[in-house]
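Inspection log for the structure reproduced underneath, given as structure tokens.
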Amino acid sequence: MYKNIEELTLNTWPAEQSVLLEGWILRSASGYTKRSNSVNPLYGPSETGHGHDVKQKILLSEQYYERAGLQTVFKITPYIRPAGLDDLLEELGYRMDSPSSVRILDLEQLPPLQSRHTLVISGQLTEDWLAAFSRQAKLTGTEPDTLCRMLAASSLQQGFALLLKDGVPAACGLGVIQHGYIGLYDIITAPEYRRQGLAEELILGLLHWGCSQGASASFLQVVLANAGASALYDKLGYKEVYQYWYRIKD
């Protein structure tokens, strides 16, 4: 029912390269985030069929990522094809990683925005936003450059949000709009400003911005181990629609 959300997540959080393998989508982006560096087996036969054929596709996937200098990672959702792929990957030694929740929110009942601080939302990736996010997320090496390339290449409508407290960047986040949905990414608050309601203020600001741009619903993805973020999304009214995890070959 929510397979379209999976397509939206692929579109709104881009990779540097996407390769098709008989319905599987192999994405890579210099290793920055598992979302952009994993196999997304969304299409193809629903049944396992001949095990050799599926194992051959797994082998070809492994060869692709080996050439890219990356681990082979599969994203496992309720919509994987074939349906028995997760069990097969486990048999082949792939470990489970990062169980996560996909949640959606109807924006019709969005509470009014009560701004206590300065929220700046830009339609383009700015140096200020990139610097603030890189610092707060502790990006290292070439990660900021990779993120910049990924986001700058997208033609979808983006909103780069920066929340300022006393003129200092305290929280930041990204909203990307497609097909009436605004997807939220990279919501982060600087450690010294946490537990002050700034993330909630930033998210509500992004959602109101999304409404002004024609969005009627929102989706996001949160790692289940992140209890603080999950509690905030519960408070805002986000409802889980399915879970996913990754299978990683070490």
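Simple scheme: letters A, B, ... for chains in structure tokens order, numbers from 1 for residues in each chain, numbers from 1 for ligands in the order shown.
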
May I have a table of the residues of segment 142-217 of chain A lying at most 12 Å from segment 224-236 of chain A, giving each one's closest pair of atoms and their distance in Å to one decimal, counting only C-alpha atoms, ordered by chain and ascending residue number, as a Markdown table?
| residue | atom | partner | partner_atom | distance |
| --- | --- | --- | --- | --- |
| A:Leu184 | CA | A:Tyr233 | CA | 11.2 |
| A:Asp186 | CA | A:Ala229 | CA | 11.6 |
| A:Ile187 | CA | A:Ala229 | CA | 9.2 |
| A:Ile188 | CA | A:Ala229 | CA | 9.6 |
| A:Thr189 | CA | A:Ala229 | CA | 11.0 |
| A:Arg194 | CA | A:Gly228 | CA | 10.6 |
| A:Arg195 | CA | A:Gly228 | CA | 9.6 |
| A:Gly197 | CA | A:Leu232 | CA | 9.4 |
| A:Leu198 | CA | A:Leu232 | CA | 11.0 |
| A:Ala199 | CA | A:Leu232 | CA | 8.5 |
| A:Glu200 | CA | A:Leu232 | CA | 7.2 |
| A:Glu201 | CA | A:Leu236 | CA | 10.6 |
| A:Leu202 | CA | A:Leu232 | CA | 11.9 |
| A:Ile203 | CA | A:Leu236 | CA | 9.1 |
| A:Leu204 | CA | A:Leu236 | CA | 8.6 |
| A:Leu207 | CA | A:Leu236 | CA | 10.8 |

Output all heavy atoms for every residue in the selection just made, as a CSV table (one decimal), in the first residue's frame.
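Output file again.csv follows:
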chain,number,residue,atom,x,y,z
A,184,LEU,N,11.1,14.8,5.2
A,184,LEU,CA,12.0,15.4,6.2
A,184,LEU,C,13.3,14.6,6.3
A,184,LEU,O,13.3,13.4,6.5
A,184,LEU,CB,11.4,15.6,7.5
A,184,LEU,CG,10.1,16.5,7.6
A,184,LEU,CD1,9.8,16.7,9.1
A,184,LEU,CD2,10.3,17.8,6.9
A,186,ASP,N,17.7,15.0,7.7
A,186,ASP,CA,18.8,15.7,8.4
A,186,ASP,C,18.4,16.7,9.4
A,186,ASP,O,18.9,17.8,9.6
A,186,ASP,CB,19.7,16.5,7.3
A,186,ASP,CG,20.5,15.5,6.5
A,186,ASP,OD1,20.7,14.4,6.9
A,186,ASP,OD2,21.1,15.9,5.4
A,187,ILE,N,17.3,16.3,10.2
A,187,ILE,CA,16.9,17.1,11.3
A,187,ILE,C,17.9,16.9,12.5
A,187,ILE,O,18.1,15.8,13.0
A,187,ILE,CB,15.5,16.7,11.8
A,187,ILE,CG1,14.5,16.8,10.6
A,187,ILE,CG2,15.0,17.7,12.9
A,187,ILE,CD1,14.3,18.1,10.0
A,188,ILE,N,18.6,18.0,12.8
A,188,ILE,CA,19.6,17.9,13.9
A,188,ILE,C,19.7,19.2,14.7
A,188,ILE,O,19.6,20.3,14.1
A,188,ILE,CB,21.0,17.5,13.2
A,188,ILE,CG1,22.0,17.1,14.3
A,188,ILE,CG2,21.5,18.6,12.3
A,188,ILE,CD1,23.2,16.4,13.8
A,189,THR,N,19.9,19.0,15.9
A,189,THR,CA,20.1,20.2,16.8
A,189,THR,C,21.5,20.1,17.4
A,189,THR,O,22.0,19.0,17.8
A,189,THR,CB,19.1,20.2,18.0
A,189,THR,OG1,17.8,20.1,17.4
A,189,THR,CG2,19.2,21.4,18.9
A,194,ARG,N,20.1,21.3,22.7
A,194,ARG,CA,19.1,20.3,22.8
A,194,ARG,C,18.2,20.4,24.0
A,194,ARG,O,18.5,21.1,25.0
A,194,ARG,CB,19.8,18.9,22.7
A,194,ARG,CG,20.4,18.6,21.4
A,194,ARG,CD,21.2,17.4,21.3
A,194,ARG,NE,21.8,17.2,20.0
A,194,ARG,CZ,22.8,16.3,19.7
A,194,ARG,NH1,23.2,15.5,20.6
A,194,ARG,NH2,23.3,16.3,18.5
A,195,ARG,N,17.0,19.7,23.9
A,195,ARG,CA,16.0,19.7,25.0
A,195,ARG,C,15.5,21.1,25.3
A,195,ARG,O,15.1,21.5,26.4
A,195,ARG,CB,16.6,19.1,26.3
A,195,ARG,CG,16.9,17.6,26.1
A,195,ARG,CD,17.5,17.0,27.4
A,195,ARG,NE,17.7,15.6,27.2
A,195,ARG,CZ,18.8,15.1,26.7
A,195,ARG,NH1,19.8,15.9,26.3
A,195,ARG,NH2,19.0,13.8,26.5
A,197,GLY,N,13.2,22.4,22.7
A,197,GLY,CA,12.1,22.5,21.8
A,197,GLY,C,12.5,23.0,20.4
A,197,GLY,O,11.6,23.4,19.6
A,198,LEU,N,13.8,23.2,20.1
A,198,LEU,CA,14.2,23.8,18.9
A,198,LEU,C,13.9,22.9,17.7
A,198,LEU,O,13.5,23.4,16.6
A,198,LEU,CB,15.7,24.2,18.9
A,198,LEU,CG,16.1,25.2,20.0
A,198,LEU,CD1,17.5,25.5,19.9
A,198,LEU,CD2,15.2,26.4,20.0
A,199,ALA,N,14.1,21.6,17.8
A,199,ALA,CA,13.8,20.7,16.7
A,199,ALA,C,12.3,20.7,16.3
A,199,ALA,O,12.0,20.7,15.2
A,199,ALA,CB,14.3,19.2,17.1
A,200,GLU,N,11.5,20.7,17.3
A,200,GLU,CA,10.0,20.8,17.1
A,200,GLU,C,9.7,22.1,16.4
A,200,GLU,O,8.9,22.1,15.4
A,200,GLU,CB,9.3,20.7,18.4
A,200,GLU,CG,7.8,20.8,18.2
A,200,GLU,CD,7.0,20.6,19.5
A,200,GLU,OE1,7.7,20.4,20.6
A,200,GLU,OE2,5.8,20.7,19.5
A,201,GLU,N,10.3,23.2,16.8
A,201,GLU,CA,10.0,24.5,16.1
A,201,GLU,C,10.5,24.5,14.7
A,201,GLU,O,9.8,24.9,13.8
A,201,GLU,CB,10.7,25.6,16.9
A,201,GLU,CG,10.4,27.0,16.4
A,201,GLU,CD,11.1,28.1,17.3
A,201,GLU,OE1,11.4,27.8,18.4
A,201,GLU,OE2,11.2,29.2,16.8
A,202,LEU,N,11.6,23.9,14.4
A,202,LEU,CA,12.2,23.8,13.1
A,202,LEU,C,11.3,22.9,12.2
A,202,LEU,O,11.0,23.3,11.1
A,202,LEU,CB,13.6,23.3,13.1
A,202,LEU,CG,14.3,23.2,11.7
A,202,LEU,CD1,15.7,23.6,11.8
A,202,LEU,CD2,14.3,21.7,11.2
A,203,ILE,N,10.9,21.8,12.7
A,203,ILE,CA,10.0,20.9,11.9
A,203,ILE,C,8.7,21.5,11.6
A,203,ILE,O,8.3,21.4,10.4
A,203,ILE,CB,9.8,19.5,12.7
A,203,ILE,CG1,11.1,18.7,12.7
A,203,ILE,CG2,8.7,18.7,12.0
A,203,ILE,CD1,11.1,17.5,13.6
A,204,LEU,N,8.1,22.1,12.6
A,204,LEU,CA,6.8,22.8,12.3
A,204,LEU,C,7.0,23.9,11.2
A,204,LEU,O,6.1,24.1,10.4
A,204,LEU,CB,6.2,23.3,13.6
A,204,LEU,CG,5.6,22.3,14.5
A,204,LEU,CD1,5.2,23.0,15.8
A,204,LEU,CD2,4.4,21.6,13.9
A,207,LEU,N,7.2,22.2,7.9
A,207,LEU,CA,5.9,21.6,7.5
A,207,LEU,C,5.0,22.8,7.0
A,207,LEU,O,4.3,22.6,6.0
A,207,LEU,CB,5.3,20.9,8.6
A,207,LEU,CG,6.0,19.6,9.0
A,207,LEU,CD1,5.3,18.9,10.2
A,207,LEU,CD2,6.2,18.6,7.9

(message) Based on the backbone DSSP call, show me all residues of segment 32-244 of chain A assigned strand (DSSP E), as a VMD selection string.
(response) chain A and resid 39 to 40 72 to 76 95 to 106 118 to 122 157 to 165 168 to 178 181 to 189 217 to 223 239 to 244

Non-local contacts of Val241 of chain A (10 Å; only C-alpha atoms; under 2 positions in same chain excluded) as a PDB file with C-alpha atoms, in the first residue's frame:
ATOM      1  CA  MET A   1       0.000   0.000   0.000  1.00  0.00           C
ATOM      2  CA  TYR A   2       2.843   2.369   0.797  1.00  0.00           C
ATOM      3  CA  ILE A   5       6.588   6.111  -0.187  1.00  0.00           C
ATOM      4  CA  SER A 101      10.403   3.276  11.082  1.00  0.00           C
ATOM      5  CA  VAL A 102       8.683   5.017   8.163  1.00  0.00           C
ATOM      6  CA  ARG A 103       6.051   7.483   9.339  1.00  0.00           C
ATOM      7  CA  ILE A 104       3.544   9.783   7.682  1.00  0.00           C
ATOM      8  CA  PHE A 219       6.870  11.410   5.542  1.00  0.00           C
ATOM      9  CA  TYR A 238       3.420  11.047  12.810  1.00  0.00           C
ATOM     10  CA  LYS A 239       2.105   7.481  12.461  1.00  0.00           C
ATOM     11  CA  GLN A 243       9.457  -0.665   9.167  1.00  0.00           C
TER      12      GLN A 243
END

Could you pull the residues within 12 Å of segment 53-56 of chain A, counting only C-alpha atoms, minus those fewer than 4 positions along the same chain, as a short mmCIF file (atom, residue, chain, number, x, y, z; two decimals) with N, CA and C atoms, in the first residue's frame?
data_model
loop_
_atom_site.label_atom_id
_atom_site.label_comp_id
_atom_site.auth_asym_id
_atom_site.auth_seq_id
_atom_site.Cartn_x
_atom_site.Cartn_y
_atom_site.Cartn_z
N LEU A 21 19.27 -3.41 -12.13
CA LEU A 21 19.64 -4.81 -12.28
C LEU A 21 18.37 -5.64 -12.21
N GLU A 22 17.71 -5.82 -13.35
CA GLU A 22 16.49 -6.61 -13.44
C GLU A 22 15.48 -6.23 -12.36
N GLY A 23 15.24 -4.94 -12.21
CA GLY A 23 14.27 -4.45 -11.25
C GLY A 23 14.87 -3.97 -9.95
N TRP A 24 16.06 -4.43 -9.59
CA TRP A 24 16.74 -3.92 -8.41
C TRP A 24 17.43 -2.60 -8.75
N PRO A 41 15.67 -3.54 -3.70
CA PRO A 41 15.02 -4.57 -4.53
C PRO A 41 13.51 -4.39 -4.58
N GLY A 44 10.64 -6.66 -9.74
CA GLY A 44 11.04 -7.98 -10.17
C GLY A 44 10.03 -9.02 -9.73
N PRO A 45 10.32 -10.30 -9.94
CA PRO A 45 9.39 -11.38 -9.57
C PRO A 45 9.10 -11.35 -8.08
N SER A 46 7.83 -11.58 -7.71
CA SER A 46 7.45 -11.56 -6.31
C SER A 46 7.88 -12.81 -5.58
N GLU A 47 8.06 -13.91 -6.31
CA GLU A 47 8.47 -15.16 -5.69
C GLU A 47 9.96 -15.38 -5.93
N THR A 48 10.55 -16.18 -5.06
CA THR A 48 11.99 -16.43 -5.15
C THR A 48 12.36 -17.11 -6.46
N GLY A 49 11.52 -18.03 -6.92
CA GLY A 49 11.82 -18.71 -8.17
C GLY A 49 13.07 -19.56 -8.03
N LEU A 60 26.19 -10.23 -8.57
CA LEU A 60 26.42 -9.07 -9.44
C LEU A 60 26.36 -7.77 -8.64
N SER A 61 25.47 -7.72 -7.66
CA SER A 61 25.40 -6.55 -6.79
C SER A 61 26.69 -6.40 -5.99
N GLU A 62 27.18 -7.52 -5.47
CA GLU A 62 28.42 -7.48 -4.70
C GLU A 62 29.58 -7.01 -5.56
N GLN A 63 29.61 -7.44 -6.81
CA GLN A 63 30.68 -7.02 -7.71
C GLN A 63 30.61 -5.51 -7.99
N ARG A 81 11.47 -7.57 -3.60
CA ARG A 81 11.26 -8.61 -4.60
C ARG A 81 12.59 -9.29 -4.87
N PRO A 82 12.63 -10.65 -4.72
CA PRO A 82 11.54 -11.53 -4.31
C PRO A 82 11.26 -11.45 -2.82
N ALA A 83 10.11 -11.98 -2.42
CA ALA A 83 9.66 -11.83 -1.04
C ALA A 83 10.58 -12.53 -0.05
N GLY A 84 11.26 -13.59 -0.47
CA GLY A 84 12.12 -14.34 0.44
C GLY A 84 13.55 -13.86 0.47
N LEU A 85 13.81 -12.69 -0.08
CA LEU A 85 15.19 -12.22 -0.19
C LEU A 85 15.86 -12.02 1.17
N ASP A 86 15.12 -11.52 2.14
CA ASP A 86 15.73 -11.25 3.45
C ASP A 86 16.26 -12.53 4.07
N LEU A 88 17.18 -15.22 2.52
CA LEU A 88 18.32 -15.69 1.73
C LEU A 88 19.58 -14.91 2.09
N LEU A 89 19.45 -13.59 2.24
CA LEU A 89 20.61 -12.78 2.62
C LEU A 89 21.15 -13.17 3.99
N GLU A 91 20.96 -16.15 5.29
CA GLU A 91 21.65 -17.42 5.08
C GLU A 91 23.05 -17.19 4.50
N LEU A 92 23.19 -16.15 3.69
CA LEU A 92 24.47 -15.86 3.04
C LEU A 92 25.40 -15.03 3.93
#

(message) When you look at Leu119 of chain A with a cut-off of 8 Å (counting only C-alpha atoms), what residues show up, excluding the ones that are within fewer than 5 positions of it in the same chain? I need them as a PyMOL selection string.
(response) chain A and resi 161-164+202+205

Write to file, as a tab-separated table (two decimals), in the first residue's frame, the residues of the selection just made, with C-alpha atoms.
chain	number	residue	atom	x	y	z
A	161	ALA	CA	16.00	25.18	7.08
A	162	LEU	CA	18.30	26.88	9.56
A	163	LEU	CA	17.04	27.86	13.02
A	164	LEU	CA	18.97	30.67	14.65
A	202	LEU	CA	12.17	23.81	13.08
A	205	GLY	CA	8.36	25.63	10.32

(request) Pick out the residues sitting within 9 Å of Glu6 of chain A, and hand them over as an MDAnalysis selection string; count only C-alpha atoms, and ignore anything fewer than 4 positions along from it in its own chain. (result) chainID A and resid 2 10:11 42 77 79

Keeping N, CA and C atoms, export the residues of the selection given above as a CSV table (one decimal), in the first residue's frame.
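Result went into part.csv, see below:
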chain,number,residue,atom,x,y,z
A,2,TYR,N,2.0,1.2,0.7
A,2,TYR,CA,2.8,2.4,0.8
A,2,TYR,C,4.1,2.3,0.0
A,10,LEU,N,13.5,7.3,-2.4
A,10,LEU,CA,14.6,7.2,-3.4
A,10,LEU,C,14.8,8.5,-4.1
A,11,ASN,N,13.7,9.2,-4.5
A,11,ASN,CA,13.8,10.4,-5.3
A,11,ASN,C,14.2,11.6,-4.5
A,42,LEU,N,13.1,-3.3,-5.2
A,42,LEU,CA,11.6,-3.0,-5.2
A,42,LEU,C,10.9,-3.7,-6.3
A,77,THR,N,12.5,-3.9,2.9
A,77,THR,CA,11.2,-3.3,3.3
A,77,THR,C,10.1,-4.4,3.1
A,79,TYR,N,8.2,-4.5,0.8
A,79,TYR,CA,7.9,-4.5,-0.6
A,79,TYR,C,9.1,-5.2,-1.5

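Around Gln196 of chain A, within 12 Å and counting only C-alpha atoms, the residues found are Arg116, His117, Lys165, Ala170, Ala171, Thr189, Ala190 and Leu202 of chain A, once anything fewer than 6 positions away on its own chain is removed.
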
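Comparing the minimum interatomic distances between Glu16 of chain A and each of A:Ser212, A:Gln124, A:Ser154, A:Gln114, counting only C-alpha atoms, we find that A:Ser154 sits nearest.
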
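Closest approach to Trp129 of chain A from the set A:Gly31, A:Gly159, A:Gly237, A:Pro111 is made by A:Gly159, with distances taken over only C-alpha atoms.
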
In segment 89-140 of chain A, what's helix (DSSP H, G or I) per DSSP? Answer as a PDB file with N, CA and C atoms, in the first residue's frame?
ATOM      1  N   LEU A  89      19.451 -13.587   2.242  1.00  0.00           N
ATOM      2  CA  LEU A  89      20.611 -12.779   2.616  1.00  0.00           C
ATOM      3  C   LEU A  89      21.146 -13.174   3.986  1.00  0.00           C
ATOM      4  N   GLU A  90      20.228 -13.481   4.912  1.00  0.00           N
ATOM      5  CA  GLU A  90      20.661 -13.923   6.234  1.00  0.00           C
ATOM      6  C   GLU A  90      21.442 -15.231   6.131  1.00  0.00           C
ATOM      7  N   GLU A  91      20.962 -16.148   5.286  1.00  0.00           N
ATOM      8  CA  GLU A  91      21.653 -17.417   5.077  1.00  0.00           C
ATOM      9  C   GLU A  91      23.049 -17.188   4.496  1.00  0.00           C
ATOM     10  N   LEU A 107      -1.154  16.787   6.839  1.00  0.00           N
ATOM     11  CA  LEU A 107      -0.881  18.173   7.219  1.00  0.00           C
ATOM     12  C   LEU A 107      -2.141  19.024   7.358  1.00  0.00           C
ATOM     13  N   GLU A 108      -3.307  18.424   7.184  1.00  0.00           N
ATOM     14  CA  GLU A 108      -4.541  19.208   7.303  1.00  0.00           C
ATOM     15  C   GLU A 108      -4.753  19.714   8.720  1.00  0.00           C
ATOM     16  N   GLN A 109      -4.317  18.961   9.705  1.00  0.00           N
ATOM     17  CA  GLN A 109      -4.522  19.339  11.104  1.00  0.00           C
ATOM     18  C   GLN A 109      -3.240  19.891  11.737  1.00  0.00           C
ATOM     19  N   GLU A 127      25.995  27.883   1.758  1.00  0.00           N
ATOM     20  CA  GLU A 127      27.207  27.597   2.522  1.00  0.00           C
ATOM     21  C   GLU A 127      26.916  27.596   4.015  1.00  0.00           C
ATOM     22  N   ASP A 128      26.036  28.484   4.464  1.00  0.00           N
ATOM     23  CA  ASP A 128      25.701  28.543   5.895  1.00  0.00           C
ATOM     24  C   ASP A 128      25.036  27.249   6.348  1.00  0.00           C
ATOM     25  N   TRP A 129      24.093  26.753   5.539  1.00  0.00           N
ATOM     26  CA  TRP A 129      23.405  25.512   5.913  1.00  0.00           C
ATOM     27  C   TRP A 129      24.384  24.345   5.920  1.00  0.00           C
ATOM     28  N   LEU A 130      25.189  24.237   4.874  1.00  0.00           N
ATOM     29  CA  LEU A 130      26.130  23.129   4.779  1.00  0.00           C
ATOM     30  C   LEU A 130      27.129  23.163   5.925  1.00  0.00           C
ATOM     31  N   ALA A 131      27.600  24.366   6.275  1.00  0.00           N
ATOM     32  CA  ALA A 131      28.565  24.489   7.375  1.00  0.00           C
ATOM     33  C   ALA A 131      27.927  24.094   8.700  1.00  0.00           C
ATOM     34  N   ALA A 132      26.681  24.551   8.933  1.00  0.00           N
ATOM     35  CA  ALA A 132      26.001  24.236  10.189  1.00  0.00           C
ATOM     36  C   ALA A 132      25.722  22.742  10.290  1.00  0.00           C
ATOM     37  N   PHE A 133      25.210  22.140   9.220  1.00  0.00           N
ATOM     38  CA  PHE A 133      24.911  20.710   9.274  1.00  0.00           C
ATOM     39  C   PHE A 133      26.188  19.888   9.417  1.00  0.00           C
ATOM     40  N   SER A 134      27.229  20.247   8.676  1.00  0.00           N
ATOM     41  CA  SER A 134      28.487  19.507   8.746  1.00  0.00           C
ATOM     42  C   SER A 134      29.057  19.542  10.155  1.00  0.00           C
ATOM     43  N   ARG A 135      28.940  20.685  10.794  1.00  0.00           N
ATOM     44  CA  ARG A 135      29.455  20.816  12.155  1.00  0.00           C
ATOM     45  C   ARG A 135      28.610  20.017  13.138  1.00  0.00           C
ATOM     46  N   GLN A 136      27.288  20.124  13.032  1.00  0.00           N
ATOM     47  CA  GLN A 136      26.409  19.459  13.995  1.00  0.00           C
ATOM     48  C   GLN A 136      26.388  17.943  13.797  1.00  0.00           C
TER      49      GLN A 136
END

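Closest approach to Leu206 of chain A from the set A:Gln178, A:Ser122, A:Gln221, A:Thr146 is made by A:Ser122, with distances taken over only C-alpha atoms.
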
(message) Could you tell me how far atom CA of Trp13 of chain A sits from atom CA of Ile248 of chain A, in Å to one decimal place?
(response) 20.0 Å
